[in-house]
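Colleague: Got run-v7.pdb for you, PDB, C-alpha atoms:
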MODEL        1
ATOM      1  CA  MET I 690      85.322 117.142  86.362  1.00  0.00           C
ATOM      2  CA  THR I 691      83.839 115.009  89.126  1.00  0.00           C
ATOM      3  CA  SER I 692      81.702 117.014  91.514  1.00  0.00           C
ATOM      4  CA  PHE I 693      81.305 115.761  95.072  1.00  0.00           C
ATOM      5  CA  SER I 694      82.005 116.883  98.607  1.00  0.00           C
ATOM      6  CA  LEU I 695      83.578 115.185 101.599  1.00  0.00           C
ATOM      7  CA  GLU I 696      83.309 115.716 105.326  1.00  0.00           C
ATOM      8  CA  PRO I 697      87.012 116.060 106.260  1.00  0.00           C
ATOM      9  CA  ARG I 698      86.690 114.760 109.817  1.00  0.00           C
ATOM     10  CA  ARG I 699      85.046 111.556 108.552  1.00  0.00           C
ATOM     11  CA  THR I 700      87.598 111.053 105.755  1.00  0.00           C
ATOM     12  CA  ALA I 701      90.819 109.044 105.811  1.00  0.00           C
ATOM     13  CA  LEU I 702      93.496 109.332 103.142  1.00  0.00           C
ATOM     14  CA  VAL I 703      95.019 105.846 103.014  1.00  0.00           C
ATOM     15  CA  LEU I 704      98.472 105.772 101.417  1.00  0.00           C
ATOM     16  CA  ILE I 705      99.517 102.298 100.293  1.00  0.00           C
ATOM     17  CA  ASP I 706     103.093 100.948 100.369  1.00  0.00           C
ATOM     18  CA  LEU I 707     105.070 104.181 100.012  1.00  0.00           C
ATOM     19  CA  MET I 708     108.297 102.500 101.049  1.00  0.00           C
ATOM     20  CA  PRO I 709     111.697 102.987  99.407  1.00  0.00           C
ATOM     21  CA  ARG I 710     111.862  99.427  98.046  1.00  0.00           C
ATOM     22  CA  ILE I 711     108.389  99.750  96.480  1.00  0.00           C
ATOM     23  CA  ILE I 712     108.883 103.305  95.217  1.00  0.00           C
ATOM     24  CA  ALA I 713     112.057 102.135  93.433  1.00  0.00           C
ATOM     25  CA  LEU I 714     110.231  99.479  91.383  1.00  0.00           C
ATOM     26  CA  GLU I 715     109.641  99.975  87.679  1.00  0.00           C
ATOM     27  CA  THR I 716     106.049 101.227  87.538  1.00  0.00           C
ATOM     28  CA  GLY I 717     103.623 102.719  85.084  1.00  0.00           C
ATOM     29  CA  PRO I 718     102.128 105.034  84.113  1.00  0.00           C
ATOM     30  CA  LEU I 719     103.931 107.087  86.788  1.00  0.00           C
ATOM     31  CA  ALA I 720     107.291 106.651  88.472  1.00  0.00           C
ATOM     32  CA  GLY I 721     107.142 105.841  92.165  1.00  0.00           C
ATOM     33  CA  GLY I 722     108.839 109.109  93.091  1.00  0.00           C
ATOM     34  CA  GLU I 723     106.136 111.091  91.327  1.00  0.00           C
ATOM     35  CA  VAL I 724     103.420 109.209  93.220  1.00  0.00           C
ATOM     36  CA  LEU I 725     105.265 109.873  96.481  1.00  0.00           C
ATOM     37  CA  GLU I 726     105.412 113.629  95.789  1.00  0.00           C
ATOM     38  CA  ARG I 727     101.705 113.765  94.986  1.00  0.00           C
ATOM     39  CA  CYS I 728     100.816 111.759  98.080  1.00  0.00           C
ATOM     40  CA  ILE I 729     102.865 114.065 100.314  1.00  0.00           C
ATOM     41  CA  ALA I 730     100.910 117.074  99.002  1.00  0.00           C
ATOM     42  CA  LEU I 731      97.594 115.244  99.432  1.00  0.00           C
ATOM     43  CA  ALA I 732      98.493 114.275 103.005  1.00  0.00           C
ATOM     44  CA  LYS I 733      99.219 117.926 103.848  1.00  0.00           C
ATOM     45  CA  ALA I 734      95.921 119.016 102.318  1.00  0.00           C
ATOM     46  CA  THR I 735      94.040 116.305 104.223  1.00  0.00           C
ATOM     47  CA  ARG I 736      95.602 117.223 107.562  1.00  0.00           C
ATOM     48  CA  SER I 737      94.992 120.944 106.985  1.00  0.00           C
ATOM     49  CA  VAL I 738      91.216 120.416 107.079  1.00  0.00           C
ATOM     50  CA  GLY I 739      91.177 117.873 109.920  1.00  0.00           C
ATOM     51  CA  GLY I 740      91.169 114.653 107.890  1.00  0.00           C
ATOM     52  CA  LEU I 741      93.039 111.520 108.914  1.00  0.00           C
ATOM     53  CA  VAL I 742      96.154 110.261 107.105  1.00  0.00           C
ATOM     54  CA  VAL I 743      96.871 106.530 107.237  1.00  0.00           C
ATOM     55  CA  HIS I 744     100.247 105.165 106.139  1.00  0.00           C
ATOM     56  CA  VAL I 745     100.178 101.492 105.165  1.00  0.00           C
ATOM     57  CA  ARG I 746     103.338  99.479 104.688  1.00  0.00           C
ATOM     58  CA  VAL I 747     103.883  95.806 104.048  1.00  0.00           C
ATOM     59  CA  GLU I 748     106.087  93.367 105.901  1.00  0.00           C
ATOM     60  CA  ARG I 749     106.842  89.915 104.620  1.00  0.00           C
ATOM     61  CA  PRO I 750     105.440  87.314 107.006  1.00  0.00           C
ATOM     62  CA  GLY I 751     107.689  84.678 108.519  1.00  0.00           C
ATOM     63  CA  VAL I 752     111.016  86.462 108.049  1.00  0.00           C
ATOM     64  CA  GLY I 753     113.180  87.742 110.888  1.00  0.00           C
ATOM     65  CA  VAL I 754     114.561  90.761 109.043  1.00  0.00           C
ATOM     66  CA  GLN I 755     112.587  92.730 106.492  1.00  0.00           C
ATOM     67  CA  PRO I 756     114.248  93.666 103.178  1.00  0.00           C
ATOM     68  CA  GLU I 757     116.104  96.959 103.055  1.00  0.00           C
ATOM     69  CA  GLY I 758     113.730  99.818 102.258  1.00  0.00           C
ATOM     70  CA  SER I 759     110.753  98.340 104.120  1.00  0.00           C
ATOM     71  CA  GLU I 760     110.190 101.429 106.279  1.00  0.00           C
ATOM     72  CA  LEU I 761     107.953 104.309 105.218  1.00  0.00           C
ATOM     73  CA  ALA I 762     109.635 106.744 102.849  1.00  0.00           C
ATOM     74  CA  PRO I 763     111.150 109.399 105.145  1.00  0.00           C
ATOM     75  CA  GLU I 764     109.740 112.166 102.930  1.00  0.00           C
ATOM     76  CA  LEU I 765     106.245 111.216 104.133  1.00  0.00           C
ATOM     77  CA  ASP I 766     107.126 112.679 107.534  1.00  0.00           C
ATOM     78  CA  PRO I 767     104.196 111.146 109.461  1.00  0.00           C
ATOM     79  CA  GLN I 768     102.665 113.626 111.866  1.00  0.00           C
ATOM     80  CA  PRO I 769     101.102 113.165 115.314  1.00  0.00           C
ATOM     81  CA  GLY I 770      97.588 111.907 114.722  1.00  0.00           C
ATOM     82  CA  ASP I 771      98.481 109.953 111.573  1.00  0.00           C
ATOM     83  CA  LEU I 772      98.057 106.184 111.740  1.00  0.00           C
ATOM     84  CA  GLU I 773     100.605 103.618 110.594  1.00  0.00           C
ATOM     85  CA  ILE I 774      99.298 100.208 109.619  1.00  0.00           C
ATOM     86  CA  VAL I 775     101.552  97.211 108.958  1.00  0.00           C
ATOM     87  CA  LYS I 776     100.024  94.615 106.662  1.00  0.00           C
ATOM     88  CA  ARG I 777     101.204  91.139 105.787  1.00  0.00           C
ATOM     89  CA  THR I 778      98.763  90.560 102.941  1.00  0.00           C
ATOM     90  CA  VAL I 779      98.006  92.415  99.714  1.00  0.00           C
ATOM     91  CA  GLY I 780      95.265  94.594 101.195  1.00  0.00           C
ATOM     92  CA  ALA I 781      95.377  96.811 104.269  1.00  0.00           C
ATOM     93  CA  PHE I 782      92.454  95.350 106.229  1.00  0.00           C
ATOM     94  CA  ALA I 783      93.255  91.692 107.003  1.00  0.00           C
ATOM     95  CA  ASN I 784      94.446  91.310 110.606  1.00  0.00           C
ATOM     96  CA  THR I 785      95.767  94.881 110.852  1.00  0.00           C
ATOM     97  CA  GLY I 786      93.208  96.649 113.037  1.00  0.00           C
ATOM     98  CA  LEU I 787      92.570  99.225 110.295  1.00  0.00           C
ATOM     99  CA  ASP I 788      88.791  98.789 110.282  1.00  0.00           C
ATOM    100  CA  GLU I 789      88.585  99.088 114.070  1.00  0.00           C
ATOM    101  CA  ALA I 790      90.831 102.171 114.105  1.00  0.00           C
ATOM    102  CA  LEU I 791      88.773 103.898 111.421  1.00  0.00           C
ATOM    103  CA  ARG I 792      85.446 103.094 113.081  1.00  0.00           C
ATOM    104  CA  ALA I 793      86.782 104.365 116.440  1.00  0.00           C
ATOM    105  CA  LYS I 794      87.431 107.705 114.716  1.00  0.00           C
ATOM    106  CA  ASP I 795      83.996 107.695 113.023  1.00  0.00           C
ATOM    107  CA  ILE I 796      85.547 107.531 109.552  1.00  0.00           C
ATOM    108  CA  ASP I 797      83.090 106.641 106.797  1.00  0.00           C
ATOM    109  CA  THR I 798      85.098 107.577 103.690  1.00  0.00           C
ATOM    110  CA  ILE I 799      88.382 106.049 102.570  1.00  0.00           C
ATOM    111  CA  VAL I 800      90.460 107.802  99.919  1.00  0.00           C
ATOM    112  CA  LEU I 801      93.132 105.608  98.341  1.00  0.00           C
ATOM    113  CA  ALA I 802      96.472 106.371  96.719  1.00  0.00           C
ATOM    114  CA  GLY I 803      99.885 104.701  96.484  1.00  0.00           C
ATOM    115  CA  ILE I 804     101.601 101.734  94.886  1.00  0.00           C
ATOM    116  CA  ALA I 805     100.530  99.440  93.281  1.00  0.00           C
ATOM    117  CA  THR I 806      97.203 100.325  91.718  1.00  0.00           C
ATOM    118  CA  ASN I 807      96.084  96.804  90.886  1.00  0.00           C
ATOM    119  CA  PHE I 808      97.480  95.129  93.997  1.00  0.00           C
ATOM    120  CA  GLY I 809      97.477  96.920  97.366  1.00  0.00           C
ATOM    121  CA  VAL I 810      95.259  99.833  96.318  1.00  0.00           C
ATOM    122  CA  GLU I 811      92.639  97.713  94.557  1.00  0.00           C
ATOM    123  CA  SER I 812      92.605  95.014  97.235  1.00  0.00           C
ATOM    124  CA  THR I 813      92.160  97.596 100.000  1.00  0.00           C
ATOM    125  CA  GLY I 814      89.410  99.352  98.045  1.00  0.00           C
ATOM    126  CA  ARG I 815      87.441  96.168  97.438  1.00  0.00           C
ATOM    127  CA  VAL I 816      87.420  95.325 101.152  1.00  0.00           C
ATOM    128  CA  ALA I 817      86.587  98.930 102.075  1.00  0.00           C
ATOM    129  CA  ASP I 818      83.529  98.625  99.848  1.00  0.00           C
ATOM    130  CA  ASP I 819      82.636  95.265 101.440  1.00  0.00           C
ATOM    131  CA  PHE I 820      82.841  96.943 104.862  1.00  0.00           C
ATOM    132  CA  GLY I 821      80.498  99.749 103.795  1.00  0.00           C
ATOM    133  CA  TYR I 822      82.952 102.625 103.464  1.00  0.00           C
ATOM    134  CA  THR I 823      82.507 105.241 100.775  1.00  0.00           C
ATOM    135  CA  THR I 824      85.608 104.675  98.667  1.00  0.00           C
ATOM    136  CA  VAL I 825      87.452 107.244  96.561  1.00  0.00           C
ATOM    137  CA  TYR I 826      90.398 106.396  94.280  1.00  0.00           C
ATOM    138  CA  LEU I 827      92.913 109.143  93.457  1.00  0.00           C
ATOM    139  CA  THR I 828      93.884 107.936  90.017  1.00  0.00           C
ATOM    140  CA  ASP I 829      96.700 110.425  89.478  1.00  0.00           C
ATOM    141  CA  ALA I 830      98.319 109.601  92.842  1.00  0.00           C
ATOM    142  CA  MET I 831      98.831 105.901  92.200  1.00  0.00           C
ATOM    143  CA  THR I 832     100.696 103.732  89.768  1.00  0.00           C
ATOM    144  CA  GLY I 833     100.820 100.084  88.833  1.00  0.00           C
ATOM    145  CA  LEU I 834     103.554  97.604  88.166  1.00  0.00           C
ATOM    146  CA  ASP I 835     102.262  97.805  84.604  1.00  0.00           C
ATOM    147  CA  ALA I 836     100.536 100.756  82.922  1.00  0.00           C
ATOM    148  CA  LYS I 837      97.927  98.558  81.207  1.00  0.00           C
ATOM    149  CA  ALA I 838      96.924  96.949  84.506  1.00  0.00           C
ATOM    150  CA  HIS I 839      96.723 100.406  86.120  1.00  0.00           C
ATOM    151  CA  ASP I 840      94.550 101.718  83.288  1.00  0.00           C
ATOM    152  CA  PHE I 841      92.202  98.717  83.501  1.00  0.00           C
ATOM    153  CA  ALA I 842      91.749  99.147  87.265  1.00  0.00           C
ATOM    154  CA  VAL I 843      91.132 102.899  86.900  1.00  0.00           C
ATOM    155  CA  SER I 844      88.702 102.652  83.981  1.00  0.00           C
ATOM    156  CA  TYR I 845      86.883  99.390  84.723  1.00  0.00           C
ATOM    157  CA  VAL I 846      87.272  98.233  88.335  1.00  0.00           C
ATOM    158  CA  PHE I 847      87.330 101.402  90.459  1.00  0.00           C
ATOM    159  CA  PRO I 848      84.116 102.984  89.091  1.00  0.00           C
ATOM    160  CA  ARG I 849      82.250  99.852  90.202  1.00  0.00           C
ATOM    161  CA  PHE I 850      83.477 100.156  93.799  1.00  0.00           C
ATOM    162  CA  GLY I 851      83.594 103.896  94.344  1.00  0.00           C
ATOM    163  CA  THR I 852      84.559 107.227  92.869  1.00  0.00           C
ATOM    164  CA  ALA I 853      87.614 107.488  90.629  1.00  0.00           C
ATOM    165  CA  THR I 854      88.886 111.057  90.628  1.00  0.00           C
ATOM    166  CA  THR I 855      92.009 113.203  90.672  1.00  0.00           C
ATOM    167  CA  GLY I 856      93.966 114.621  93.562  1.00  0.00           C
ATOM    168  CA  ALA I 857      92.859 118.152  92.643  1.00  0.00           C
ATOM    169  CA  GLU I 858      89.199 117.126  92.659  1.00  0.00           C
ATOM    170  CA  TYR I 859      89.709 115.419  96.034  1.00  0.00           C
ATOM    171  CA  VAL I 860      91.245 118.550  97.565  1.00  0.00           C
ATOM    172  CA  ALA I 861      88.369 120.630  96.162  1.00  0.00           C
ATOM    173  CA  ALA I 862      85.846 118.162  97.658  1.00  0.00           C
ATOM    174  CA  LEU I 863      87.507 118.528 101.086  1.00  0.00           C
ATOM    175  CA  SER I 864      87.115 122.300 100.961  1.00  0.00           C
ATOM    176  CA  PRO I 865      83.824 123.043  99.252  1.00  0.00           C
ATOM    177  CA  THR I 866      83.073 126.675  98.629  1.00  0.00           C
ATOM    178  CA  THR I 867      79.947 128.133 100.136  1.00  0.00           C
ATOM    179  CA  ASP I 868      77.706 130.269  97.977  1.00  0.00           C
TER
ENDMDL
END
Could you render the structure as structure tokens?
Modeller:
Amino acid sequence: MTSFSLEPRRTALVLIDLMPRIIALETGPLAGGEVLERCIALAKATRSVGGLVVHVRVERPGVGVQPEGSELAPELDPQPGDLEIVKRTVGAFANTGLDEALRAKDIDTIVLAGIATNFGVESTGRVADDFGYTTVYLTDAMTGLDAKAHDFAVSYVFPRFGTATTGAEYVAALSPTTD
């Protein structure tokens, strides 16, 4: 069990590419729908303590019409105060305004979940680390296009850039008990 605490009002839960066309891909170790369900619960927990929820979706550059299923999954039900970021690269920072939006809200911790572990999640996490954010990876609320690639990112890459933990440990860190 990882033991840490987070300041909710300085924490952003960043959900990567939870769009119908991405959720429907063959993924591992979890199905996209399972990741979506976990992320919905984590978003509710984050909002309930005053944390920020950021929804990131990808659009293909240079095309007039995006592929069907390119909108956020309707089950996410973004709430007032949530941010939506549209990216055109693998990670969520390049030319999106994400860094500026987070700094304007005094966010210093980024918590990552979504699809795909070793693409959008990992790329966003590496840049978050470069930018000086404390980075947390919710390993049971993400999945890869391949289970082996997911496992490698979780066991080898993420611990070098931040804290790899579970959704339950994240929720506990948002609401530490006082003795």
Colleague: What's the 7 Å shell around stretch 831-842 of chain I, counting all atoms listed in the file, without same-chain residues fewer than 4 positions away, as a list in words?
Modeller: Glu715, Thr716, Gly717, Pro718, Leu719, Val724, Ala802, Gly803, Ile804, Ala805, Thr806, Asn807, Leu827, Val846 and Phe847 of chain I
Colleague: Kindly indicate which residue among I:Pro756, I:Leu695, I:Ile774, I:Ile712 lies nearest to I:Gly739, using all atoms listed in the file for the distances.
Modeller: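 Once distances to I:Gly739 are computed over all atoms listed in the file, the minimum belongs to I:Leu695.
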Colleague: Nearest residue to I:Glu726 out of I:Ala762, I:Gln755, I:Asp771, I:Thr855, using only C-alpha atoms?
Modeller: I:Ala762
Colleague: Report, in Å with one decimal, the straight-line distance from atom CA of I:Ser737 to atom CA of I:Thr828.
Modeller: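 Interatomic distance, atom CA of I:Ser737 to atom CA of I:Thr828: 21.4 Å.
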Colleague: Hey, which of I:Lys733, I:Arg699, I:Arg727, I:Arg746 ends up closest to I:Ala793? Count all atoms listed in the file.
Modeller: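 The shortest atom-to-atom distance to I:Ala793 comes from I:Arg699.
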Colleague: One number please: atom CA of I:Cys728 to atom CA of I:Leu704, in Å, one decimal.
Modeller: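 Pair atom CA of I:Cys728 / atom CA of I:Leu704 returns 7.2 Å.
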Colleague: Residues within 6 Å of I:Thr798, please, as number ranges by chain. Count all atoms listed in the file; anything in the same chain fewer than 5 positions from it doesn't count.
Modeller: I: 700, 822-824
Colleague: Check the smallest atom-to-atom distance from each of I:Leu761, I:Val754, I:Ala830, I:Phe693 to I:Pro709 using all atoms listed in the file, then report the winner.
Modeller: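 Once distances to I:Pro709 are computed over all atoms listed in the file, the minimum belongs to I:Leu761.
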Colleague: Mind telling me what the PyMOL selection byres ((chain I and resi 783) around 12) catches here, as a list in words?
Modeller: Val747, Ile774, Val775, Lys776, Arg777, Thr778, Val779, Gly780, Ala781, Phe782, Asn784, Thr785, Gly786, Leu787, Asp788, Glu789, Gly809, Ser812, Thr813, Val816, Ala817 and Phe820 of chain I
Colleague: When the PyMOL selection byres ((chain I and resi 694) around 12) is applied to the file above, which residues end up in the set, as a PDB file with C-alpha atoms, keeping the file's coordinate frame?
Modeller:
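Result went into result29.pdb, see below:
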ATOM      1  CA  THR I 691      83.839 115.009  89.126  1.00  0.00           C
ATOM      2  CA  SER I 692      81.702 117.014  91.514  1.00  0.00           C
ATOM      3  CA  PHE I 693      81.305 115.761  95.072  1.00  0.00           C
ATOM      4  CA  LEU I 695      83.578 115.185 101.599  1.00  0.00           C
ATOM      5  CA  GLU I 696      83.309 115.716 105.326  1.00  0.00           C
ATOM      6  CA  PRO I 697      87.012 116.060 106.260  1.00  0.00           C
ATOM      7  CA  ARG I 699      85.046 111.556 108.552  1.00  0.00           C
ATOM      8  CA  THR I 700      87.598 111.053 105.755  1.00  0.00           C
ATOM      9  CA  THR I 798      85.098 107.577 103.690  1.00  0.00           C
ATOM     10  CA  THR I 823      82.507 105.241 100.775  1.00  0.00           C
ATOM     11  CA  VAL I 825      87.452 107.244  96.561  1.00  0.00           C
ATOM     12  CA  THR I 852      84.559 107.227  92.869  1.00  0.00           C
ATOM     13  CA  GLU I 858      89.199 117.126  92.659  1.00  0.00           C
ATOM     14  CA  TYR I 859      89.709 115.419  96.034  1.00  0.00           C
ATOM     15  CA  VAL I 860      91.245 118.550  97.565  1.00  0.00           C
ATOM     16  CA  ALA I 861      88.369 120.630  96.162  1.00  0.00           C
ATOM     17  CA  ALA I 862      85.846 118.162  97.658  1.00  0.00           C
ATOM     18  CA  LEU I 863      87.507 118.528 101.086  1.00  0.00           C
ATOM     19  CA  SER I 864      87.115 122.300 100.961  1.00  0.00           C
ATOM     20  CA  PRO I 865      83.824 123.043  99.252  1.00  0.00           C
ATOM     21  CA  THR I 866      83.073 126.675  98.629  1.00  0.00           C
ATOM     22  CA  THR I 867      79.947 128.133 100.136  1.00  0.00           C
TER      23      THR I 867
END
Colleague: Using Å and a single decimal, report how far atom CA of I:Leu791 sits from atom CA of I:Phe850.
Modeller: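 Separation between atom CA of I:Phe850 and atom CA of I:Leu791: 18.8 Å.
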Colleague: Give as a list in words the residues that the PyMOL selection byres ((chain I and resi 736) around 10) matches when applied to the coordinates above.
Modeller: Pro697, Arg698, Ala701, Leu702, Leu731, Ala732, Lys733, Ala734, Thr735, Ser737, Val738, Gly739, Gly740, Leu741, Val742, Gln768, Gly770 and Asp771 of chain I
Colleague: Restricting the calculation to all atoms listed in the file: of I:Val810, I:Gly721, I:Val743, I:Asp829, which residue gets closest to I:Ala790?
Modeller: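 Closest to I:Ala790, using all atoms listed in the file: I:Val743.
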